[in-house]
>>> print(open('start_12.cif').read())   # mmCIF, C-alpha atoms
data_target
loop_
_atom_site.group_PDB
_atom_site.id
_atom_site.type_symbol
_atom_site.label_atom_id
_atom_site.label_comp_id
_atom_site.auth_asym_id
_atom_site.auth_seq_id
_atom_site.Cartn_x
_atom_site.Cartn_y
_atom_site.Cartn_z
ATOM 1 C CA MET A 34 0.000 0.000 0.000
ATOM 2 C CA SER A 35 1.435 3.383 -0.936
ATOM 3 C CA LYS A 36 2.006 6.121 1.632
ATOM 4 C CA ASP A 37 -0.870 8.281 0.325
ATOM 5 C CA LYS A 38 -3.274 5.327 0.428
ATOM 6 C CA GLU A 39 -2.348 4.189 3.936
ATOM 7 C CA LEU A 40 -5.192 4.300 6.402
ATOM 8 C CA LYS A 41 -4.610 6.593 9.327
ATOM 9 C CA GLU A 42 -6.427 6.027 12.573
ATOM 10 C CA GLU A 43 -7.402 9.688 12.924
ATOM 11 C CA GLU A 44 -8.904 9.820 9.424
ATOM 12 C CA VAL A 45 -11.119 6.725 9.486
ATOM 13 C CA SER A 46 -13.966 6.176 11.910
ATOM 14 C CA PHE A 47 -14.379 2.798 13.565
ATOM 15 C CA GLU A 48 -17.710 2.300 11.804
ATOM 16 C CA HIS A 49 -16.265 3.132 8.394
ATOM 17 C CA ALA A 50 -13.299 0.813 8.931
ATOM 18 C CA MET A 51 -15.641 -2.015 9.980
ATOM 19 C CA GLN A 52 -17.806 -1.427 6.903
ATOM 20 C CA GLN A 53 -14.741 -1.601 4.642
ATOM 21 C CA LEU A 54 -13.553 -4.725 6.418
ATOM 22 C CA GLU A 55 -16.943 -6.406 5.927
ATOM 23 C CA GLU A 56 -16.864 -5.522 2.223
ATOM 24 C CA ILE A 57 -13.391 -7.035 1.866
ATOM 25 C CA VAL A 58 -14.439 -10.210 3.653
ATOM 26 C CA GLY A 59 -17.476 -10.461 1.368
ATOM 27 C CA LYS A 60 -15.324 -10.119 -1.749
ATOM 28 C CA LEU A 61 -12.847 -12.712 -0.519
ATOM 29 C CA GLU A 62 -15.638 -15.134 0.407
ATOM 30 C CA GLU A 63 -17.037 -14.932 -3.144
ATOM 31 C CA GLY A 64 -13.906 -16.712 -4.336
ATOM 32 C CA ASP A 65 -13.799 -15.081 -7.787
ATOM 33 C CA VAL A 66 -10.893 -12.796 -6.896
ATOM 34 C CA PRO A 67 -7.563 -13.133 -8.718
ATOM 35 C CA LEU A 68 -4.699 -14.070 -6.410
ATOM 36 C CA GLU A 69 -2.942 -10.697 -6.633
ATOM 37 C CA LYS A 70 -6.161 -8.824 -5.845
ATOM 38 C CA ALA A 71 -6.922 -11.251 -2.995
ATOM 39 C CA ILE A 72 -3.519 -10.491 -1.472
ATOM 40 C CA ASP A 73 -4.208 -6.752 -1.763
ATOM 41 C CA TYR A 74 -7.599 -7.225 -0.101
ATOM 42 C CA PHE A 75 -6.025 -9.327 2.636
ATOM 43 C CA GLN A 76 -3.356 -6.703 3.342
ATOM 44 C CA LYS A 77 -5.915 -3.897 3.477
ATOM 45 C CA GLY A 78 -8.099 -6.073 5.715
ATOM 46 C CA MET A 79 -5.238 -6.608 8.139
ATOM 47 C CA VAL A 80 -4.606 -2.840 8.309
ATOM 48 C CA LEU A 81 -8.317 -2.214 8.926
ATOM 49 C CA SER A 82 -8.442 -4.959 11.546
ATOM 50 C CA LYS A 83 -5.507 -3.458 13.437
ATOM 51 C CA LEU A 84 -7.011 0.009 13.165
ATOM 52 C CA CYS A 85 -10.321 -1.229 14.656
ATOM 53 C CA HIS A 86 -8.492 -3.100 17.402
ATOM 54 C CA ASP A 87 -6.419 -0.031 18.279
ATOM 55 C CA LYS A 88 -9.502 2.200 18.352
ATOM 56 C CA LEU A 89 -11.298 -0.227 20.677
ATOM 57 C CA GLN A 90 -8.307 -0.352 23.007
ATOM 58 C CA HIS A 91 -8.151 3.451 23.029
ATOM 59 C CA VAL A 92 -11.835 3.713 23.942
ATOM 60 C CA GLU A 93 -11.383 1.095 26.653
ATOM 61 C CA LYS A 94 -8.544 3.134 28.173
ATOM 62 C CA GLN A 95 -10.654 6.302 27.976
ATOM 63 C CA MET A 96 -13.533 4.596 29.763
ATOM 64 C CA ASP A 97 -11.160 3.265 32.392
ATOM 65 C CA PHE A 98 -9.825 6.778 32.981
ATOM 66 C CA ILE A 99 -13.309 8.339 33.124
ATOM 67 C CA LEU A 100 -14.494 5.780 35.627
ATOM 68 C CA ARG A 101 -11.400 6.215 37.791
ATOM 69 C CA GLU A 102 -11.879 9.981 37.750
ATOM 70 C CA ASP A 103 -15.349 9.544 39.229
ATOM 71 C CA GLY A 104 -14.171 6.923 41.686
ATOM 72 C CA GLU A 105 -16.586 4.370 40.294
ATOM 73 C CA LEU A 106 -14.169 1.913 38.754
ATOM 74 C CA LYS A 107 -14.363 -1.454 40.401
ATOM 75 C CA PRO A 108 -13.277 -4.712 38.835
ATOM 76 C CA PHE A 109 -16.217 -6.825 37.782
ATOM 77 C CA GLU A 110 -16.491 -9.836 40.001
ATOM 78 C CA LEU A 111 -19.248 -12.356 40.276
ATOM 79 C CA GLN A 112 -20.584 -12.475 43.777
ATOM 80 C CA GLU A 113 -21.578 -15.827 45.113
ATOM 81 C CA GLU A 114 -24.937 -15.883 46.766
ATOM 82 C CA GLU A 115 -24.788 -16.459 50.468
ATOM 83 C CA LYS A 116 -26.438 -19.670 51.548
ATOM 84 C CA SER A 117 -28.786 -19.355 54.478
#
>>> encode(input="start_12.cif", output="structure tokens")
Amino acid sequence: MSKDKELKEEEVSFEHAMQQLEEIVGKLEEGDVPLEKAIDYFQKGMVLSKLCHDKLQHVEKQMDFILREDGELKPFELQEEEKS
């Protein structure tokens, strides 16, 4: 992928990246894609996948920070019911 075609995290929304990824998966699942084009699709899909993963991690860290700021962050734990 050339420098000017590279996807940048700031420029692509999560939703748009997921939509592009779904389109790529659909094209690859059709099976009528020449090998060279399939490799291009695969590479772009990997970039989109990483971008989505990174965005999700960023949001998770933001939520963690927001909850800590308010003093509400507590690890989720299943509580066993007390037996009477």
>>> residues_around(input="start_12.cif", residues="range 79-83 of chain A", least_positions_apart="6", cutoff="8 Å", atoms="all atoms listed in the file", output="PyMOL selection string")
chain A and resi 40+50-51+53-54
>>> atom_distance(input="start_12.cif", atom1="CA of Glu93 in chain A", atom2="CA of Gln76 in chain A")
25.9 Å
>>> atom_distance(input="start_12.cif", atom1="CA of Ser46 in chain A", atom2="CA of Cys85 in chain A")
8.7 Å
>>> closest_residue(input="start_12.cif", among="A:Val92, A:Gly78, A:Phe98, A:Leu68", to="Glu56 in chain A", atoms="all atoms listed in the file")
A:Gly78
>>> atom_distance(input="start_12.cif", atom1="CA of Ile72 in chain A", atom2="CA of Gln90 in chain A")
26.9 Å
>>> axis_aligned_box(input="start_12.cif", around="range 64-75 of chain A", padding_each_side="3 Å", output="AutoDock Vina command-line options")
--center_x -8.4 --center_y -11.7 --center_z -3.0 --size_x 17.0 --size_y 16.0 --size_z 17.4
>>> closest_residue(input="start_12.cif", among="A:Arg101, A:His49, A:His91, A:Lys60", to="Phe75 in chain A", atoms="all atoms listed in the file")
A:Lys60
